[in-house]
Each structure stands twice: as structure tokens, then as C-alpha cells.
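Visitor: Got a structure here, written out as C-alpha cells. Questions coming.
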Amino acid sequence: MEESQTPVKAEGGGEDKKMKVLVAVEESEGSLYALSWALDNLFTSACDVPDKTESLGRLVLIHAQQQPLQHFMHPVGPCMTDPHHRSFPVLFSTRESHVYREKQTMTKNCMSCLVAAVYATSSVIDSVRRAQEQNSRNLLERATQVCRSKLVEAEMVIVDGDPKEMICQFAEQMQADLLVVGSRGLSKMRRAILGSVSDYCAHHATCPVLIVKPPKGNHP
Amino acid sequence: MAAEVGKPTMVVGIDDSEHSFYALQWTLRRFFSVADSAFKLVVVHSKPSPASVVGLAGPGAADVLPFVESDLKKIALLVIERAKDLCSAFPVGDIQYELVGGDPRNALCDAVEKHQAEILVVGSHGYGAIKRVVLGSVSDHCAHHAQCTVMIIYAPPKIRARCAGIHLGKRN
């Protein structure tokens with residue numbers, strides 16, 4: 001689990017007006033549009049302050065990384081050497097074990113895991129993970145750029161796991177006043193099959209949810 | 001975008017439940033507590049037709065309809081009155097109240113189109129999956145079909161517990 005979060009909660013007086021707004025970003029156009037829409041409409045103020053968030057609350061950008069390889073690695077001690085005498089016995093415990101089924105060589109008693117046959121496998125996994133992290137950072141960088149261009153300071157958070165659940169959990173944790181999600185404008189069928197983060201959030205979030213639709217192409 | 005004339009419109013859909021008044025109050029608190037707010041506010045209440053409320057026709061259903069109709073009218077007016085009271089506590093500049101008829105889902109989406117609204121705000125009963133299918137959900141429908149951004153305000157449990165007793169039996 002990787003969370004990089006800047007701590008300070010600067011809430012002074014005027015509790016009512018200060019909103020903690022959580023914006024979910026991912027790699028689609030929809031969510032960047034949602035971010036700029038939210039910045040335009042939620043953080044406008046009559047007077048020009050150089051840093052608008054001071055009077056209007058906190059903006060937190062959250063990106064949920066859905067790793068195709070959800071695992072954590074344990075260094076293995078002597079009591080857990082596997083009888084096949086592989087040089088790098090590493091235990092993986094996976095949540096999405098279907099990815100590993102074809103690689104599974106043996107199972108221990110209580111958890112389903114696989115033993116890395118070669119060193120190369122773990123480095124491949126490493127590089128995939130690093131590429132993903134790089135992607136996420138780029139994305140959040142872009143999002144922060146957008147925020148800065150509208151003179152709003154934002155905090156960035158990266159969480160691992162299923163986007164829908166993570167976003168709702170995080171909103172609850174930080175007691176967000178508003179959760180902003182983009183919507184890809186999927187039809188009913190595709191929503192049901194592909195799953196929709198905005199749908200899930202609308203049903204399960206404990207705070208108000210703002211769903212931003214993509215702009216119509218020929219809307220005046 | 002800050003010009004007086006070009007203020008974006010925010011449509012708030014209400015019915016007679018505590019959830020939607022909470023949603024209205026939340027919206028007023030967050031967006032309209034300063035005198036010069038960024039939005040024009042339109043409050044929309046949809047009065048369902050008696051036929052849709054009465055449901056299955058039984059013997060004497062036709063006789064009941066006029067009474068149901070007048071009752072619904074009364075409820076609708078009370079809702080608008082209450083909304084007006086709520087809004088008067090806040091320095092809202094530009095506000096309109098609309099009473100429309102028909103299915104709330106379509107009424108809200110139509111209102112959005114009519115006013116070219118930027119945001120549609122609805123409360124949510126917080127129904128689970130099954131209830132949503134059986135009773136239908138206005139917030140669900142609006143989230144999928146409205147042409148603009150939708151804000152769904154979910155009432156926290158303590159308000160829900162309070163309103164469980166005084167809900168007037170309208171389905172939404």
C-alpha cells in the first residue's frame with residue numbers, strides 16, 4: 001500500500017464555507033475534465049486571492065492504481081525453504097490469483113501463492129509496477145498543473161487497489177465534504193459489465209457525490 | 001465567467017422527504033452562504049399525477065382520484081412553502097421556484113434542459129440495490145440521463161433515523 005499524503009489540516013474559522021473536496025483522477029479525458037470543471041465552479045470567489053484554497057477549503061486529488069499484479073513479496077527465511085531448491089524462493093500472496101494460475105507451481109497450506117522459478121520473473125513484475133507508478137505520477141503531475149493554472153493548491157494521494165472501494169473508503173477516512181468523479185458516459189449495458197466507478201461511488205459514498213459528465217460535442 | 005448575466009444555473013430537485021430538504025439545505029450552506037454566489041438557483045418540485053400514486057385500479061378508484069389530486073396539490077404547495085422558508089435564511093440572490101407535474105425523473109431532466117443548468121442537485125434516500133429496482137430511484141435516473149453534472153447528496157444516518165418516522169410515504 002503506498003500512500004503519499006501531505007498532512008496539514010488548516011481549518012480555521014468559517015467552518016461552513018470550507019469544503020474538503022476529493023477529486024478522483026484516472027487516465028481518461030473525463031476525469032481531467034471533471035477536475036477542471038470542479039476547479040471552475042467550486043473554487044470561484046468574488047475576490048482574487050492568490051491561493052484560493054485558503055478561503056475555500058482543501059482540494060485533494062486521489063488516484064487509485066489498479067495493479068494487475070496485486071501482490072506483496074516476502075523475503076523467505078530458512079524455515080520456509082521449498083523442497084524444490086530454487087535459488088530465489090519468493091512467496092507471493094495474490095488477491096487476483098487468476099493472473100498467476102498458469103504460473104502456479106505449488107501451493108502451501110493456508111495461502112495460495114507461487115514460487116518464482118527464475119529471478120527474471122520478479123524483475124518483470126518490478127518493472128511493470130514501476131511503470132505503473134510512473135504513469136500515476138505523470139497523471140497526478142498533469143492534474144496538479146491544471147490546478148496550479150487555476151491558482152488552486154492541491155494535495156496528491158495515490159492508493160492501491162480497487163478504485164471504487166478505495167475512493168469511497170478514503171472519502172470516509174478524510175471526512176470529505178464532496179467527492180467529485182468524472183463519468184465516461186457509458187450506456188447501461190456497459191456500466192453493468194465494465195463496472196462504473198462513478199456508479200459505485202454514487203451508491204456507496206457517505207458524502208455528497210458530484211458526477212461530472214463529459215461535455216456534449218455539439219452542445220452550444 | 002464572473003459576469004452577472006452569465007451565471008450558471010443550479011437546479012435542485014426536491015420532494016416532500018427529509019432527504020431532499022437536507023440536500024437543499026446542504027447546497028444552500030455550501031454554495032449560497034455568501035451574498036454574491038456563483039450560481040442562479042432553481043428549485044424544482046414535481047407533483048405526481050394521482051393516477052400514478054393510486055396505482056392499480058380497483059372498484060371506486062375513479063371516485064378516489066379527486067381527493068388524491070387535492071391532497072397532492074396541498075402537499076406540493078407545502079413543499080414549496082417549506083423550500084421558500086429554507087431559502088429565506090440564506091442570502092440567495094437569484095432564485096426561482098418551479099412546480100411541475102409528472103414523473104420526477106423526467107421532470108428534473110426536462111428542467112435541466114429548459115434552464116440549461118450546469119448542475120443538478122438531488123437528494124438520495126440511500127436505497128440498497130433491491131429497493132432501487134423495485135421502488136425506482138430518481139437520483140439514479142438523473143445521474144445517468146441528465147445532460148449536466150449531477151450532485152447526489154446523501155443524508156447521513158442520524159437524519160435518516162429522524163425522518164424514518166415522518167416520511168410522508170412518497171416513493172422516489
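Here, A, B, ... name the chains of the C-alpha cells in the order displayed, residue numbers run from 1 inside each chain, and ligands are numbered from 1 in the same displayed order.
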Using only C-alpha atoms, select each residue of chain B with any atom at most 7 Å away from an atom of chain A, and give the selection as a list in words.
Guide: Arg29, Arg30, Cys148, Thr149, Val150, Met151, Ile152, Ile153 and Tyr154 of chain B
Visitor: Please identify all polymer residues within 8 Å of region 21-25 of chain B, counting only C-alpha atoms, omitting same-chain residues fewer than 6 positions from it, and present them as number ranges by chain.
Guide: B: 12, 14-15, 83, 86, 121-123, 153-155
Visitor: Take the residues that were just selected and, keeping all heavy atoms, output them as a compact mmCIF listing (two decimals), in the first residue's frame.
Guide:
# COMPACT_ATOMS: atom_id res chain seq x y z
N VAL B 12 -32.13 22.37 -8.23
CA VAL B 12 -32.22 21.46 -7.09
C VAL B 12 -33.59 20.80 -7.13
O VAL B 12 -34.62 21.47 -7.17
CB VAL B 12 -32.05 22.22 -5.76
CG1 VAL B 12 -32.12 21.24 -4.60
CG2 VAL B 12 -30.75 22.98 -5.74
N ILE B 14 -36.53 18.73 -5.43
CA ILE B 14 -36.97 18.35 -4.09
C ILE B 14 -38.29 17.61 -4.16
O ILE B 14 -39.06 17.74 -5.09
CB ILE B 14 -37.12 19.57 -3.17
CG1 ILE B 14 -38.07 20.60 -3.77
CG2 ILE B 14 -35.80 20.19 -2.85
CD1 ILE B 14 -38.38 21.71 -2.81
N ASP B 15 -38.48 16.81 -3.15
CA ASP B 15 -39.81 16.20 -2.96
C ASP B 15 -40.15 16.43 -1.49
O ASP B 15 -39.53 17.27 -0.84
CB ASP B 15 -39.79 14.72 -3.35
CG ASP B 15 -38.93 13.88 -2.44
OD1 ASP B 15 -38.29 14.42 -1.53
OD2 ASP B 15 -38.88 12.66 -2.64
N ALA B 83 -39.65 25.06 1.17
CA ALA B 83 -38.41 25.39 0.47
C ALA B 83 -38.16 26.89 0.52
O ALA B 83 -37.03 27.34 0.71
CB ALA B 83 -38.49 24.91 -0.98
N LEU B 86 -36.80 27.82 3.86
CA LEU B 86 -35.40 27.41 3.99
C LEU B 86 -34.48 28.39 3.27
O LEU B 86 -33.46 28.81 3.79
CB LEU B 86 -35.26 26.01 3.39
CG LEU B 86 -34.14 25.13 3.92
CD1 LEU B 86 -34.25 25.00 5.42
CD2 LEU B 86 -34.28 23.75 3.29
N VAL B 121 -28.89 19.07 -8.60
CA VAL B 121 -28.67 18.54 -7.26
C VAL B 121 -29.90 17.74 -6.83
O VAL B 121 -31.02 18.22 -6.93
CB VAL B 121 -28.45 19.69 -6.25
CG1 VAL B 121 -28.17 19.12 -4.88
CG2 VAL B 121 -27.33 20.59 -6.70
N VAL B 122 -29.67 16.52 -6.39
CA VAL B 122 -30.78 15.72 -5.87
C VAL B 122 -30.37 15.09 -4.56
O VAL B 122 -29.19 14.84 -4.33
CB VAL B 122 -31.19 14.59 -6.84
CG1 VAL B 122 -31.89 15.15 -8.05
CG2 VAL B 122 -30.02 13.76 -7.26
N GLY B 123 -31.35 14.85 -3.71
CA GLY B 123 -31.06 14.09 -2.51
C GLY B 123 -31.10 12.62 -2.85
O GLY B 123 -31.47 12.23 -3.95
N ILE B 153 -26.69 14.08 -3.04
CA ILE B 153 -26.40 14.35 -1.63
C ILE B 153 -27.10 13.31 -0.78
O ILE B 153 -28.32 13.19 -0.80
CB ILE B 153 -26.85 15.76 -1.26
CG1 ILE B 153 -26.09 16.75 -2.13
CG2 ILE B 153 -26.60 16.03 0.20
CD1 ILE B 153 -26.39 18.16 -1.82
N TYR B 154 -26.29 12.62 -0.07
CA TYR B 154 -26.79 11.51 0.71
C TYR B 154 -26.93 11.97 2.15
O TYR B 154 -26.01 12.52 2.72
CB TYR B 154 -25.80 10.36 0.59
CG TYR B 154 -26.08 9.22 1.51
CD1 TYR B 154 -27.29 8.55 1.45
CD2 TYR B 154 -25.14 8.81 2.43
CE1 TYR B 154 -27.55 7.50 2.28
CE2 TYR B 154 -25.40 7.76 3.27
CZ TYR B 154 -26.61 7.11 3.19
OH TYR B 154 -26.86 6.08 4.03
N ALA B 155 -28.10 11.76 2.72
CA ALA B 155 -28.33 12.22 4.08
C ALA B 155 -27.66 11.27 5.05
O ALA B 155 -27.80 10.06 4.94
CB ALA B 155 -29.82 12.30 4.36
Visitor: Among region 10-167 of chain B, which ones does DSSP place in strand (DSSP E), written as a PyMOL selection string?
Guide: chain B and resi 10-14+40-47+95-101+119-124+149-154
Visitor: What is the distance, in Å and to one decimal place, between CA of Val146 (chain A) and CA of Glu172 (chain A)?
Guide: 25.5 Å
Visitor: What's the separation between CA of Met10 (chain B) and CA of Gln169 (chain A), in Å to one decimal place?
Guide: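 According to the coordinates, CA of Met10 (chain B) and CA of Gln169 (chain A) are separated by 28.5 Å.
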Visitor: Output as a list of chain:residue names all residues of region 45-80 of chain B that backbone DSSP marks as alpha helix (DSSP H).
Guide: B:Pro50, B:Ala51, B:Ser52, B:Val53, B:Val54, B:Ala61, B:Ala62, B:Asp63, B:Val64, B:Leu65, B:Pro66, B:Phe67, B:Val68, B:Glu69, B:Ser70, B:Asp71, B:Leu72, B:Lys73, B:Lys74, B:Ile75, B:Ala76, B:Leu77, B:Leu78, B:Val79, B:Ile80
